[in-house]
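Presented below is the structure to which this report refers.
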Amino acid sequence: PALLSPPDAEKTPSYWNKGARRRLELALGLQPAAQRAKNIILFMGDGMGLSTMSAARIYKGQLAGGSGEESVLAMETFPHMALAKVSGAVLGGTLLLPLLETPRHPSCFQTYTIDRQVPDSAGTGTAYLCGVKANAKTLGLSGAAVYGKCRTTFGNEVDSILHRARLAGKSVGIVTTTRVQHASPGAAYAHSASQGWYADTNMPKEALRDGCKDIAYQLVHNTDINASWGVILGGRRMYMTPKRTPDPEYPEDPDQNGTRKDGRDLIAEWLSAKQGARYVWDKKGLDAVEEDSVSHFMGLFEPKDMRYELNRNTSTDPSIVEMTEKAIRILRRNPNGFFLFVEDDHVPRAGGRIDHGHHSGRAKQALMEAVMLDRAVARAGELTSPADTLTVVTADHSHVFTFGGSTPRGNSIFGLAPKKAKDKRAYTSILYGNGPGYSIRDGARPAASLPAAEDKDYRQQAAVPLETETHSGEDVVVLAQGPMAHLFHGVQEQHYIAHAMAYAACLEPYATEPGCRAARRASHGTQCSPQPLLTLLALCMAAVIVRG
């Protein structure tokens, strides 16, 4: 319920003055962490624009029983921030990274693609993972590649930060609440002229004839994510098995069967090619895996995309928090460190579940996914240390999602605006600029009402009728903590993210930069060598013999 009046403490100037002084003291004490990162965790909220983050913050507070506005997301406690441009222009061709610079004002990242003012998840994934801007709907390819043209793939491949981490001897992993072949994680390991070439079934005959491989095939046969320690957790196991193969969880439902035309069982191929590999398809299997007993771990928890958190069967499907924890516990065993990519999509279509929620116009589904991503960020912080782990949280793009209407303090984020619109009908605070929520009944807009507007599947109203709601083109935020987090500053192009992470961890093309040799020695020094122990044991035995 809305607050009838604000708390008494907030009515006094001293409350605000003291709070501001505490924040000022923290800011004055903030120093750049100049050491290099051993580990990198990149959290990507697919479609998590600033309006989504603000609404998720309120929802988080209201879930905890508060009014919501004063709540703080775990990701918002990170000391360094930037903005990424989703539209704009590159000034020059040289990317200069500031070294040991004093933290600046919040920065911004521009997310446009080479050919689109408002981007998609594939082009943006290539930017923040591979470090180059690309064309929309293409994965792991430079801008010279043409969407849907297989032959333009060859010679235009670009390497991701996951690939560079693997070359440096780090363990690598991906966690997603959608399909593991989706555009966002796909840009970490695949090179495809189409983000929609999930399995061979989804590819045109011409592309197959010209030698292109589907994204699921690349997931299994790409050595980047499958060498040494590797973790793959998400959905869409139907792309991995032959056509008509019954699903282990839904064996009686033919709609969940495998889809591959080439007859390959990619899961079986993956298991047979690696020692110590484990595959699971439900939460029970995930929980049963001992981190010290597995070096390669794949979990595919739905034949299609994983379910929204509000629809999830908690006994059969793991949450993003549980998947993130399992991945970190396995990957951190590598003394050289790890790179982990974690995605939550907030809207339904071919994106993460945040992205999916927005595309369908279901704000409650999207915001719950954002809250869950934040919980995963918090859990990752408990399992790692900012002394050696650079953690970055960002989004690939935003959505035409907004909330307003002069709502009172403590108003449910999904509630109604206090005054009716010009048509004398009630409306919700949350609205979409376009999408499936557009509706006209009897020549007029239907009035919003409670409790219907609080339902998890309620579609907020939209101004323009579309089958699915669209992305938006404003800049997205980047939050960072840990070694070299101060590199995230100002307004930047989105592809800068990959370069800043690579520089922080001494990955190519920055492996020979100042400080990297010492960082490598420190990393290798953490490995346990048996030689000193054997020498000590020999000396002790010799002493015993002499005394005898």
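Chain labels follow the order of the structure tokens: the first chain is A, the next B, and so on; residue numbering restarts at 1 in every chain, and ligands are counted from 1 in their shown order.
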Write down as a PyMOL selection string the residues belonging to region 164-243 of chain A that are assigned strand (DSSP E) by DSSP computed on the backbone. chain A and resi 171-179+230-235
To one decimal in Å, tell me the separation between CA of Arg116 (chain A) and CA of Phe339 (chain A).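 CA of Phe339 (chain A) lies at a distance of 29.3 Å from CA of Arg116 (chain A).
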Hey, what's within 7 Å of Glu302 (chain A) if we count only C-alpha atoms and toss same-chain stuff fewer than 6 positions away? As a ChimeraX atom specification, please? /A:235-237
Neighbour list for region 46-63 of chain A as number ranges by chain, cut-off 7 Å, only C-alpha atoms, skip fewer than 2 positions in-chain: A: 44, 65-69, 71-73, 343-346, 351-352, 354-355, 367, 370-371, 395-399, 401-402, 413, 476-477
Take the residues just selected and output them with C-alpha atoms as a tab-separated table (two decimals), in the first residue's frame.
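Everything below was put into again16.tsv:
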```tsv
chain	number	residue	atom	x	y	z
A	44	MET	CA	24.30	-9.24	-18.87
A	65	GLY	CA	7.87	-5.52	2.56
A	66	GLY	CA	9.10	-1.94	2.11
A	67	SER	CA	7.77	0.94	0.10
A	68	GLY	CA	10.43	0.14	-2.50
A	69	GLU	CA	11.89	3.48	-3.52
A	71	SER	CA	15.77	-0.10	-1.88
A	72	VAL	CA	19.20	-0.68	-3.40
A	73	LEU	CA	20.14	-3.37	-5.92
A	343	GLU	CA	22.75	-13.74	-18.93
A	344	ASP	CA	19.18	-13.17	-17.86
A	345	ASP	CA	16.86	-12.18	-20.66
A	346	HIS	CA	13.86	-10.04	-19.69
A	351	GLY	CA	16.42	-13.25	-25.97
A	352	GLY	CA	16.93	-13.64	-22.25
A	354	ILE	CA	14.09	-10.09	-18.98
A	355	ASP	CA	14.04	-9.36	-22.69
A	367	LEU	CA	11.08	-7.26	-13.49
A	370	ALA	CA	15.85	-8.48	-13.23
A	371	VAL	CA	15.52	-9.03	-9.48
A	395	ALA	CA	22.69	-4.68	-20.66
A	396	ASP	CA	22.80	-5.20	-24.40
A	397	HIS	CA	19.97	-2.75	-25.09
A	398	SER	CA	16.86	-1.28	-23.50
A	399	HIS	CA	13.10	-1.45	-24.21
A	401	PHE	CA	9.25	0.47	-21.17
A	402	THR	CA	8.47	3.27	-18.76
A	413	ILE	CA	5.13	-0.70	-9.09
A	476	VAL	CA	22.67	1.45	-21.17
A	477	VAL	CA	24.51	1.48	-17.88
```
For region 170-172 of chain A, find every residue with an atom within 10 Å (counting only C-alpha atoms), except residues of its own chain fewer than 2 positions away, and show them as number ranges by chain. A: 38-41, 161-168, 174, 224-232, 295-296, 327-328, 330-341
Excluding Ala498 (chain A) and its own-chain neighbours fewer than 2 positions away, which residues fall within 7 Å of it when counting only C-alpha atoms? Please give them as number ranges by chain. A: 128-131, 161, 495-496, 500-502
So which one's closest to Arg329 (chain A), A:His182, A:Thr152, A:Gly173, A:Ala378? Using only C-alpha atoms, please.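 The answer is A:Gly173, which sits nearest to Arg329 (chain A).
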What is the distance between CA of Tyr15 (chain A) and CA of Leu28 (chain A), in Å to one decimal?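 Pair CA of Tyr15 (chain A) / CA of Leu28 (chain A) returns 20.3 Å.
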Length of the CA of Leu30 (chain A) to CA of His489 (chain A) vector [Å]: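 Interatomic distance, CA of Leu30 (chain A) to CA of His489 (chain A): 14.2 Å.
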So which residues of region 322-433 of chain A fall under helix (DSSP H, G or I) by DSSP, listed as a ChimeraX atom specification? /A:322-331,353-359,363-383
Can you write out the residues you just picked, keeping N, CA, C and O atoms, as a short mmCIF file (atom, residue, chain, number, x, y, z; two decimals), in the first residue's frame?
```
data_model
loop_
_atom_site.label_atom_id
_atom_site.label_comp_id
_atom_site.auth_asym_id
_atom_site.auth_seq_id
_atom_site.Cartn_x
_atom_site.Cartn_y
_atom_site.Cartn_z
N GLU A 322 21.25 -20.30 -8.56
CA GLU A 322 21.82 -21.63 -8.34
C GLU A 322 22.78 -22.02 -9.47
O GLU A 322 23.84 -22.62 -9.22
N MET A 323 22.44 -21.69 -10.70
CA MET A 323 23.34 -22.00 -11.81
C MET A 323 24.64 -21.19 -11.72
O MET A 323 25.73 -21.72 -11.96
N THR A 324 24.51 -19.92 -11.35
CA THR A 324 25.70 -19.08 -11.22
C THR A 324 26.62 -19.61 -10.13
O THR A 324 27.85 -19.68 -10.31
N GLU A 325 26.06 -19.99 -9.01
CA GLU A 325 26.88 -20.52 -7.91
C GLU A 325 27.61 -21.79 -8.33
O GLU A 325 28.81 -21.95 -8.06
N LYS A 326 26.91 -22.71 -8.97
CA LYS A 326 27.54 -23.96 -9.39
C LYS A 326 28.67 -23.68 -10.37
O LYS A 326 29.76 -24.28 -10.28
N ALA A 327 28.44 -22.78 -11.31
CA ALA A 327 29.47 -22.46 -12.30
C ALA A 327 30.72 -21.89 -11.63
O ALA A 327 31.85 -22.29 -11.94
N ILE A 328 30.54 -20.96 -10.70
CA ILE A 328 31.69 -20.34 -10.04
C ILE A 328 32.46 -21.38 -9.23
O ILE A 328 33.70 -21.41 -9.26
N ARG A 329 31.75 -22.25 -8.54
CA ARG A 329 32.44 -23.25 -7.71
C ARG A 329 33.28 -24.21 -8.55
O ARG A 329 34.33 -24.69 -8.10
N ILE A 330 32.83 -24.50 -9.76
CA ILE A 330 33.60 -25.38 -10.64
C ILE A 330 34.76 -24.62 -11.28
O ILE A 330 35.91 -25.07 -11.26
N LEU A 331 34.47 -23.44 -11.82
CA LEU A 331 35.48 -22.69 -12.57
C LEU A 331 36.61 -22.17 -11.70
O LEU A 331 37.76 -22.07 -12.15
N ARG A 353 15.32 -13.85 -20.48
CA ARG A 353 13.96 -13.80 -19.95
C ARG A 353 13.53 -12.39 -19.53
O ARG A 353 12.35 -12.10 -19.50
N ILE A 354 14.46 -11.50 -19.18
CA ILE A 354 14.09 -10.09 -18.98
C ILE A 354 13.57 -9.56 -20.31
O ILE A 354 12.49 -8.98 -20.41
N ASP A 355 14.38 -9.79 -21.34
CA ASP A 355 14.04 -9.36 -22.69
C ASP A 355 12.73 -9.98 -23.14
O ASP A 355 11.87 -9.30 -23.72
N HIS A 356 12.56 -11.25 -22.85
CA HIS A 356 11.35 -11.95 -23.27
C HIS A 356 10.11 -11.36 -22.60
O HIS A 356 9.06 -11.23 -23.21
N GLY A 357 10.24 -11.05 -21.31
CA GLY A 357 9.10 -10.48 -20.60
C GLY A 357 8.65 -9.17 -21.22
O GLY A 357 7.46 -8.93 -21.40
N HIS A 358 9.61 -8.32 -21.57
CA HIS A 358 9.25 -7.04 -22.18
C HIS A 358 8.66 -7.22 -23.58
O HIS A 358 7.68 -6.56 -23.93
N HIS A 359 9.27 -8.09 -24.39
CA HIS A 359 8.73 -8.30 -25.74
C HIS A 359 7.27 -8.73 -25.71
O HIS A 359 6.50 -8.40 -26.60
N ALA A 363 5.27 -6.95 -17.83
CA ALA A 363 6.30 -6.28 -17.03
C ALA A 363 6.66 -7.04 -15.77
O ALA A 363 7.82 -7.02 -15.35
N LYS A 364 5.71 -7.71 -15.16
CA LYS A 364 6.01 -8.40 -13.90
C LYS A 364 6.99 -9.54 -14.15
O LYS A 364 7.90 -9.77 -13.34
N GLN A 365 6.82 -10.26 -15.24
CA GLN A 365 7.77 -11.32 -15.58
C GLN A 365 9.16 -10.73 -15.79
O GLN A 365 10.17 -11.26 -15.30
N ALA A 366 9.24 -9.63 -16.52
CA ALA A 366 10.53 -9.01 -16.82
C ALA A 366 11.22 -8.51 -15.56
O ALA A 366 12.42 -8.73 -15.35
N LEU A 367 10.47 -7.83 -14.69
CA LEU A 367 11.08 -7.26 -13.49
C LEU A 367 11.51 -8.33 -12.50
O LEU A 367 12.52 -8.17 -11.81
N MET A 368 10.77 -9.44 -12.43
CA MET A 368 11.20 -10.52 -11.54
C MET A 368 12.51 -11.12 -12.03
O MET A 368 13.38 -11.49 -11.24
N GLU A 369 12.68 -11.20 -13.35
CA GLU A 369 13.94 -11.69 -13.90
C GLU A 369 15.09 -10.74 -13.55
O GLU A 369 16.20 -11.19 -13.25
N ALA A 370 14.82 -9.45 -13.58
CA ALA A 370 15.85 -8.48 -13.23
C ALA A 370 16.23 -8.61 -11.75
O ALA A 370 17.41 -8.52 -11.39
N VAL A 371 15.24 -8.82 -10.90
CA VAL A 371 15.52 -9.03 -9.48
C VAL A 371 16.36 -10.28 -9.28
O VAL A 371 17.31 -10.30 -8.47
N MET A 372 16.05 -11.34 -10.02
CA MET A 372 16.82 -12.59 -9.89
C MET A 372 18.25 -12.41 -10.38
O MET A 372 19.19 -12.97 -9.80
N LEU A 373 18.43 -11.65 -11.45
CA LEU A 373 19.80 -11.37 -11.91
C LEU A 373 20.58 -10.66 -10.81
O LEU A 373 21.75 -10.97 -10.55
N ASP A 374 19.93 -9.71 -10.14
CA ASP A 374 20.60 -8.99 -9.06
C ASP A 374 20.95 -9.92 -7.91
O ASP A 374 22.01 -9.78 -7.28
N ARG A 375 20.09 -10.89 -7.64
CA ARG A 375 20.41 -11.86 -6.59
C ARG A 375 21.61 -12.72 -6.99
O ARG A 375 22.43 -13.09 -6.13
N ALA A 376 21.72 -13.03 -8.27
CA ALA A 376 22.89 -13.77 -8.75
C ALA A 376 24.16 -12.94 -8.61
O ALA A 376 25.22 -13.45 -8.26
N VAL A 377 24.05 -11.63 -8.87
CA VAL A 377 25.19 -10.73 -8.68
C VAL A 377 25.62 -10.74 -7.22
O VAL A 377 26.82 -10.83 -6.90
N ALA A 378 24.65 -10.67 -6.32
CA ALA A 378 24.96 -10.67 -4.89
C ALA A 378 25.63 -11.98 -4.47
O ALA A 378 26.60 -11.99 -3.71
N ARG A 379 25.12 -13.11 -4.97
CA ARG A 379 25.70 -14.41 -4.60
C ARG A 379 27.11 -14.55 -5.16
O ARG A 379 28.00 -15.08 -4.48
N ALA A 380 27.32 -14.08 -6.36
CA ALA A 380 28.67 -14.13 -6.94
C ALA A 380 29.64 -13.33 -6.09
O ALA A 380 30.81 -13.72 -5.91
N GLY A 381 29.18 -12.20 -5.55
CA GLY A 381 30.03 -11.39 -4.69
C GLY A 381 30.42 -12.11 -3.42
O GLY A 381 31.52 -11.87 -2.87
N GLU A 382 29.54 -12.97 -2.93
CA GLU A 382 29.85 -13.75 -1.73
C GLU A 382 30.84 -14.87 -2.01
O GLU A 382 31.57 -15.30 -1.12
N LEU A 383 30.88 -15.34 -3.25
CA LEU A 383 31.75 -16.47 -3.61
C LEU A 383 33.10 -16.04 -4.16
O LEU A 383 33.97 -16.88 -4.38
#
```
Judged by only C-alpha atoms, the minimum distance to Tyr112 (chain A) among A:Lys133, A:Lys149, A:Lys274, A:Arg445 is found for A:Lys133
